[in-house]
Amino acid sequence: MMNQCVIMFGLQSWDIEIGSNFKNIARIISQQNRVLYVNRPLDTVRRVKHYRQSDVQKRLDSIRGKVKPIEEVEKNIWVLNPRVTLLSINNLFPGKIYNFLNKSNCRKLANEILFFSNELSFIDPVLIIDNDFFNGLYLKDLLKPAVFIYYLRDYLLSQKYFIRHGKVSEPLLISKADAVCANSLYLKNYASKYNVQSYYVGQGCEVQEFVKEGQPLPLDMSTISGPVIGYCGMLTAKRLDIDLIAFIANQRPEWNVVLVGPLDKEFSESVLPSLKNVFLLGGKQPHELPAYVRHFDICINPQLLNQMTIGNYPRKIDEYLAAGKPVVATHTETMKYFEDVVYLCDGKEQYISTIEKALKEKDNNTMKQQRIAFAQSHTWEASVEEIYKVINKIIGKNGRF
């Protein structure tokens, strides 16, 4: 796709502090197209309760006219801070009042997008919405894009905040989309219930730093002997199986389990900190993580099986594989995609026997190179190319371009 206009809106604002699928996609699209990237507008609760946060201040400065609401942040990418404050209505009961106010919110947002897309001379734009099935619910109707793609990267209905209205709003928005592009097979199958034009487009990852060899041993690992069974990522009881991790440590006291990442309350108050062969090293900066992974013998992904985890694409798996490391992970529908290069487990006992097998094979160079090649195939360029194929298929049907 070349020389087209693309409006992108979703849950991940441009100034988000963590890694962002949507920003990565925008950057690839902008190489050959123009992109209007719309930040999440303020709502009344965030405006009052989080007044001092820098992103809230940026939105307020835009509303008050202190800064330009739109800025070209990179070549062919314009970021818009909408000059509106939407009503916080999620606590309302489903029904006519909620629907009326949600339409009103969407209309305010759409008017801002229309104004600035016209200023940029966007004609027949492609609209891509990332997971925001509340504020995005009526944007297709109000913006009238040439093509509307719903980008699905997370099963948000597993979370309490989203379920009250999301159980109606998301299926409705999926059904409105010209097509759905999902980053996991589970999410593609979920979307297919409401829209037959649902496609798996893969996931891009930035793995080159993990491929590099020769990173020095981190200081806080210098006294930890092998074998090292490691995990990098947020340590949260909502996603990870604390009992499974403790079982691995207790069953094999000669192994050292190294967990790198910030802890939630459940992790910090669990049995894990008391185990002599479990090392909780805390959160690290993203650029530090490759060195830790490089010095793991085995990488694990001990997920809980719940609706929050079962459909998510685990980007850390690609990072582990890019370092050539054997990976042992919980068997989920999404993880089937990795089954040729990852050891998949059902149950605690299988984790023990599988880690033992992985340790025996960890120095197999052929397997190592297969892992690295697999991870390196998951580029953002490849994922966006799949999105382009979907868009072009829709264009061929409606003839808008």
# chains A, B, ... in the order shown; residues from 1 in each chain; ligands from 1
$ closest_atom_pairs --of "stretch 161-259 of chain A" --to "stretch 372-388 of chain A" --cutoff "9 Å" --atoms "only C-alpha atoms" --output "tab-separated table"
residue	atom	partner	partner_atom	distance
A:Cys181	CA	A:Ile387	CA	6.7
A:Asn183	CA	A:Ser383	CA	8.5
A:Tyr199	CA	A:Ile387	CA	8.7
A:Tyr200	CA	A:Glu386	CA	8.2
A:Val201	CA	A:Glu386	CA	5.2
A:Gly202	CA	A:Ser383	CA	5.4
A:Gln203	CA	A:Ser383	CA	5.8
A:Gly204	CA	A:Trp380	CA	4.0
A:Cys205	CA	A:Thr379	CA	5.7
A:Glu206	CA	A:Thr379	CA	7.3
A:Val207	CA	A:Gln376	CA	7.0
A:Gln208	CA	A:Gln376	CA	7.9
A:Val211	CA	A:Ile372	CA	7.3
$ write_last_selection --atoms "N, CA and C atoms" --output "PDB file, in the first residue's frame"
ATOM      1  N   CYS A 181      -7.942  -7.628  11.960  1.00  0.00           N
ATOM      2  CA  CYS A 181      -6.576  -8.140  11.909  1.00  0.00           C
ATOM      3  C   CYS A 181      -6.137  -8.453  13.333  1.00  0.00           C
ATOM      4  N   ASN A 183      -3.437 -10.424  16.193  1.00  0.00           N
ATOM      5  CA  ASN A 183      -2.038 -10.824  16.315  1.00  0.00           C
ATOM      6  C   ASN A 183      -1.863 -12.192  16.966  1.00  0.00           C
ATOM      7  N   TYR A 199      -8.601 -12.083  10.215  1.00  0.00           N
ATOM      8  CA  TYR A 199      -7.343 -12.630   9.725  1.00  0.00           C
ATOM      9  C   TYR A 199      -6.267 -12.579  10.801  1.00  0.00           C
ATOM     10  N   TYR A 200      -5.399 -13.574  10.776  1.00  0.00           N
ATOM     11  CA  TYR A 200      -4.207 -13.576  11.623  1.00  0.00           C
ATOM     12  C   TYR A 200      -3.088 -12.893  10.855  1.00  0.00           C
ATOM     13  N   VAL A 201      -2.509 -11.833  11.439  1.00  0.00           N
ATOM     14  CA  VAL A 201      -1.481 -11.058  10.729  1.00  0.00           C
ATOM     15  C   VAL A 201      -0.119 -11.142  11.410  1.00  0.00           C
ATOM     16  N   GLY A 202       0.002 -12.006  12.400  1.00  0.00           N
ATOM     17  CA  GLY A 202       1.282 -12.165  13.063  1.00  0.00           C
ATOM     18  C   GLY A 202       1.615 -11.008  13.989  1.00  0.00           C
ATOM     19  N   GLN A 203       2.836 -11.057  14.490  1.00  0.00           N
ATOM     20  CA  GLN A 203       3.291 -10.082  15.477  1.00  0.00           C
ATOM     21  C   GLN A 203       4.722  -9.685  15.148  1.00  0.00           C
ATOM     22  N   GLY A 204       4.977  -8.421  15.158  1.00  0.00           N
ATOM     23  CA  GLY A 204       6.343  -7.959  14.981  1.00  0.00           C
ATOM     24  C   GLY A 204       7.051  -7.858  16.324  1.00  0.00           C
ATOM     25  N   CYS A 205       8.341  -8.007  16.302  1.00  0.00           N
ATOM     26  CA  CYS A 205       9.138  -7.892  17.529  1.00  0.00           C
ATOM     27  C   CYS A 205      10.481  -7.244  17.192  1.00  0.00           C
ATOM     28  N   GLU A 206      11.035  -6.556  18.192  1.00  0.00           N
ATOM     29  CA  GLU A 206      12.379  -5.998  18.031  1.00  0.00           C
ATOM     30  C   GLU A 206      13.341  -6.932  18.764  1.00  0.00           C
ATOM     31  N   VAL A 207      14.006  -7.776  18.014  1.00  0.00           N
ATOM     32  CA  VAL A 207      14.789  -8.840  18.646  1.00  0.00           C
ATOM     33  C   VAL A 207      16.292  -8.743  18.395  1.00  0.00           C
ATOM     34  N   GLN A 208      16.736  -7.743  17.642  1.00  0.00           N
ATOM     35  CA  GLN A 208      18.142  -7.718  17.252  1.00  0.00           C
ATOM     36  C   GLN A 208      19.096  -7.635  18.444  1.00  0.00           C
ATOM     37  N   VAL A 211      19.736 -11.042  19.724  1.00  0.00           N
ATOM     38  CA  VAL A 211      20.547 -11.890  18.857  1.00  0.00           C
ATOM     39  C   VAL A 211      22.036 -11.691  19.147  1.00  0.00           C
TER      40      VAL A 211
END
$ select_by_dssp --residues "stretch 118-185 of chain A" --states "alpha helix (DSSP H)" --output "PyMOL selection string"
chain A and resi 118-119+139-143+160-176+185
$ select_by_dssp --residues "stretch 144-278 of chain A" --states "strand (DSSP E)" --output "MDAnalysis selection string"
chainID A and resid 147:152 179:182 198:200 228:232 256:260 278
$ residues_around --residues "A:Leu219" --least-positions-apart "6" --cutoff "12 Å" --atoms "only C-alpha atoms" --output "number ranges by chain"
A: 281, 288, 291-292, 295
$ residues_around --residues "A:Pro314" --least-positions-apart "2" --cutoff "9 Å" --atoms "only C-alpha atoms" --output "short mmCIF file (atom, residue, chain, number, x, y, z; two decimals) with N, CA and C atoms, in the first residue's frame"
data_model
loop_
_atom_site.label_atom_id
_atom_site.label_comp_id
_atom_site.auth_asym_id
_atom_site.auth_seq_id
_atom_site.Cartn_x
_atom_site.Cartn_y
_atom_site.Cartn_z
N ASN A 301 8.06 -19.72 30.35
CA ASN A 301 6.89 -18.85 30.33
C ASN A 301 5.76 -19.57 31.06
N THR A 309 -4.73 -14.59 29.45
CA THR A 309 -3.46 -15.06 28.89
C THR A 309 -3.62 -15.94 27.66
N ASN A 312 -3.23 -14.07 24.21
CA ASN A 312 -2.20 -13.05 23.99
C ASN A 312 -0.98 -13.62 23.27
N LYS A 316 7.73 -12.01 24.53
CA LYS A 316 8.97 -12.44 25.17
C LYS A 316 9.47 -13.77 24.60
N ILE A 317 8.57 -14.59 24.06
CA ILE A 317 9.01 -15.86 23.47
C ILE A 317 9.95 -15.59 22.29
N ASP A 318 9.59 -14.63 21.45
CA ASP A 318 10.46 -14.28 20.34
C ASP A 318 11.81 -13.76 20.83
N THR A 334 -2.52 -20.20 21.53
CA THR A 334 -1.58 -19.31 20.86
C THR A 334 -0.19 -19.93 20.76
N MET A 335 0.23 -20.66 21.81
CA MET A 335 1.57 -21.24 21.81
C MET A 335 1.72 -22.37 20.80
#
$ residues_around --residues "stretch 253-259 of chain A" --least-positions-apart "6" --cutoff "7 Å" --atoms "only C-alpha atoms" --output "list in words"
Gly226, Pro227, Val228, Ile229, Gly230, Tyr231, Cys232, Asn277, Val278, Phe279, Leu280 and Leu281 of chain A
$ atom_distance --atom1 "atom CA of A:Gly166" --atom2 "atom CA of A:Ser104"
17.4 Å
$ atom_distance --atom1 "atom CA of A:Pro326" --atom2 "atom CA of A:Ala237"
24.0 Å
$ closest_residue --among "A:Glu339, A:Asn90, A:Lys348, A:Lys212" --to "A:Ile163" --atoms "only C-alpha atoms"
A:Asn90
$ atom_distance --atom1 "atom CA of A:Asn364" --atom2 "atom CA of A:Pro286"
28.1 Å
$ residues_around --residues "A:Glu356" --least-positions-apart "2" --cutoff "12 Å" --atoms "only C-alpha atoms" --output "VMD selection string"
chain A and resid 227 to 229 248 251 to 252 254 to 255 297 to 298 326 to 328 343 349 to 354 358 to 362
$ write_last_selection --atoms "N, CA and C atoms" --output "compact mmCIF listing (two decimals), in the first residue's frame"
# COMPACT_ATOMS: atom_id res chain seq x y z
N PRO A 227 22.43 -24.83 36.77
CA PRO A 227 21.64 -24.33 35.65
C PRO A 227 20.71 -23.19 36.09
N VAL A 228 20.57 -22.18 35.23
CA VAL A 228 19.70 -21.04 35.51
C VAL A 228 18.44 -21.17 34.66
N ILE A 229 17.30 -21.22 35.34
CA ILE A 229 15.99 -21.27 34.68
C ILE A 229 15.41 -19.87 34.82
N ILE A 248 8.68 -26.01 40.57
CA ILE A 248 9.94 -26.23 39.84
C ILE A 248 11.12 -26.06 40.79
N GLN A 251 11.19 -28.97 43.47
CA GLN A 251 11.48 -30.29 42.92
C GLN A 251 12.94 -30.44 42.50
N ARG A 252 13.55 -29.33 42.10
CA ARG A 252 14.93 -29.39 41.64
C ARG A 252 15.74 -28.28 42.35
N GLU A 254 18.73 -28.05 42.86
CA GLU A 254 20.03 -27.78 42.21
C GLU A 254 19.88 -26.78 41.06
N TRP A 255 18.63 -26.50 40.65
CA TRP A 255 18.39 -25.47 39.65
C TRP A 255 18.20 -24.13 40.34
N ASP A 297 20.14 -20.46 31.13
CA ASP A 297 20.30 -21.73 30.43
C ASP A 297 19.00 -22.12 29.73
N ILE A 298 17.89 -21.95 30.45
CA ILE A 298 16.57 -22.24 29.92
C ILE A 298 15.67 -21.05 30.23
N PRO A 326 16.72 -22.34 24.62
CA PRO A 326 15.58 -23.26 24.73
C PRO A 326 14.48 -22.63 25.57
N VAL A 327 13.25 -22.78 25.12
CA VAL A 327 12.11 -22.18 25.81
C VAL A 327 11.13 -23.27 26.20
N VAL A 328 10.74 -23.26 27.47
CA VAL A 328 9.74 -24.19 27.99
C VAL A 328 8.54 -23.35 28.42
N TYR A 343 9.36 -25.94 23.64
CA TYR A 343 8.87 -27.10 24.39
C TYR A 343 7.58 -26.68 25.12
N GLU A 349 4.29 -31.54 36.48
CA GLU A 349 5.26 -32.63 36.32
C GLU A 349 5.93 -32.58 34.95
N GLN A 350 5.16 -32.23 33.93
CA GLN A 350 5.74 -32.18 32.59
C GLN A 350 6.76 -31.04 32.48
N TYR A 351 6.58 -29.99 33.24
CA TYR A 351 7.58 -28.92 33.25
C TYR A 351 8.94 -29.46 33.69
N ILE A 352 8.94 -30.30 34.73
CA ILE A 352 10.22 -30.83 35.24
C ILE A 352 10.92 -31.68 34.19
N SER A 353 10.21 -32.63 33.62
CA SER A 353 10.83 -33.52 32.64
C SER A 353 11.22 -32.77 31.37
N THR A 354 10.44 -31.75 31.01
CA THR A 354 10.74 -31.00 29.79
C THR A 354 11.94 -30.09 29.97
N ALA A 358 15.32 -30.11 27.85
CA ALA A 358 15.85 -28.88 27.24
C ALA A 358 17.30 -28.63 27.66
N LEU A 359 17.61 -28.93 28.92
CA LEU A 359 18.99 -28.75 29.39
C LEU A 359 19.97 -29.65 28.63
N LYS A 360 19.53 -30.85 28.32
CA LYS A 360 20.38 -31.77 27.58
C LYS A 360 20.61 -31.29 26.14
N GLU A 361 19.64 -30.56 25.60
CA GLU A 361 19.70 -30.16 24.19
C GLU A 361 20.10 -28.69 24.01
N LYS A 362 20.41 -28.00 25.09
CA LYS A 362 20.60 -26.55 25.01
C LYS A 362 21.79 -26.14 24.15
$ residues_around --residues "A:Asp130" --least-positions-apart "4" --cutoff "9 Å" --atoms "only C-alpha atoms" --output "PyMOL selection string"
chain A and resi 8-12+22+136+149-153
$ closest_residue --among "A:Phe122, A:Trp78, A:Tyr337, A:Phe247" --to "A:Val271" --atoms "only C-alpha atoms"
A:Phe247
$ decode --residues "stretch 265-291 of chain A" --atoms "N, CA and C atoms" --output "tab-separated table (two decimals), in the first residue's frame"
chain	number	residue	atom	x	y	z
A	265	LYS	N	1.85	-7.49	44.34
A	265	LYS	CA	1.72	-7.81	45.76
A	265	LYS	C	1.69	-9.31	45.99
A	266	GLU	N	0.97	-10.03	45.14
A	266	GLU	CA	0.84	-11.48	45.31
A	266	GLU	C	2.19	-12.18	45.19
A	267	PHE	N	3.00	-11.73	44.26
A	267	PHE	CA	4.34	-12.33	44.11
A	267	PHE	C	5.22	-12.01	45.31
A	268	SER	N	5.21	-10.75	45.74
A	268	SER	CA	6.10	-10.36	46.84
A	268	SER	C	5.70	-11.02	48.15
A	269	GLU	N	4.41	-11.37	48.30
A	269	GLU	CA	3.94	-12.00	49.53
A	269	GLU	C	3.82	-13.51	49.41
A	270	SER	N	4.27	-14.07	48.30
A	270	SER	CA	4.16	-15.51	48.07
A	270	SER	C	5.33	-16.24	48.74
A	271	VAL	N	5.38	-17.53	48.54
A	271	VAL	CA	6.46	-18.35	49.10
A	271	VAL	C	7.78	-18.14	48.36
A	272	LEU	N	7.73	-17.58	47.15
A	272	LEU	CA	8.92	-17.50	46.31
A	272	LEU	C	10.10	-16.78	46.95
A	273	PRO	N	9.90	-15.60	47.58
A	273	PRO	CA	11.08	-14.92	48.16
A	273	PRO	C	11.79	-15.72	49.25
A	274	SER	N	11.11	-16.70	49.85
A	274	SER	CA	11.73	-17.49	50.92
A	274	SER	C	12.51	-18.69	50.41
A	275	LEU	N	12.39	-19.00	49.12
A	275	LEU	CA	13.07	-20.16	48.56
A	275	LEU	C	14.51	-19.81	48.21
A	276	LYS	N	15.45	-20.63	48.65
A	276	LYS	CA	16.87	-20.31	48.49
A	276	LYS	C	17.33	-20.31	47.04
A	277	ASN	N	16.65	-21.08	46.21
A	277	ASN	CA	17.09	-21.15	44.80
A	277	ASN	C	16.18	-20.35	43.87
A	278	VAL	N	15.43	-19.40	44.43
A	278	VAL	CA	14.64	-18.46	43.61
A	278	VAL	C	15.21	-17.06	43.83
A	279	PHE	N	15.53	-16.38	42.73
A	279	PHE	CA	16.14	-15.06	42.79
A	279	PHE	C	15.23	-14.06	42.09
A	280	LEU	N	14.68	-13.13	42.87
A	280	LEU	CA	13.80	-12.09	42.34
A	280	LEU	C	14.64	-10.82	42.17
A	281	LEU	N	15.00	-10.51	40.94
A	281	LEU	CA	15.98	-9.46	40.67
A	281	LEU	C	15.35	-8.10	40.40
A	282	GLY	N	14.02	-8.02	40.38
A	282	GLY	CA	13.36	-6.73	40.22
A	282	GLY	C	13.30	-6.26	38.77
A	283	GLY	N	12.69	-5.09	38.59
A	283	GLY	CA	12.53	-4.54	37.25
A	283	GLY	C	13.83	-4.01	36.67
A	284	LYS	N	13.95	-4.07	35.36
A	284	LYS	CA	15.14	-3.59	34.65
A	284	LYS	C	14.70	-2.72	33.48
A	285	GLN	N	15.63	-1.91	32.99
A	285	GLN	CA	15.37	-1.14	31.78
A	285	GLN	C	15.37	-2.08	30.57
A	286	PRO	N	14.57	-1.75	29.55
A	286	PRO	CA	14.49	-2.65	28.38
A	286	PRO	C	15.85	-2.99	27.78
A	287	HIS	N	16.77	-2.02	27.74
A	287	HIS	CA	18.06	-2.30	27.11
A	287	HIS	C	18.93	-3.26	27.94
A	288	GLU	N	18.54	-3.49	29.20
A	288	GLU	CA	19.30	-4.39	30.05
A	288	GLU	C	18.88	-5.85	29.90
A	289	LEU	N	17.68	-6.08	29.40
A	289	LEU	CA	17.11	-7.43	29.40
A	289	LEU	C	17.89	-8.45	28.55
A	290	PRO	N	18.39	-8.07	27.37
A	290	PRO	CA	19.11	-9.08	26.58
A	290	PRO	C	20.26	-9.73	27.33
A	291	ALA	N	20.97	-8.99	28.18
A	291	ALA	CA	22.09	-9.57	28.92
A	291	ALA	C	21.62	-10.64	29.89
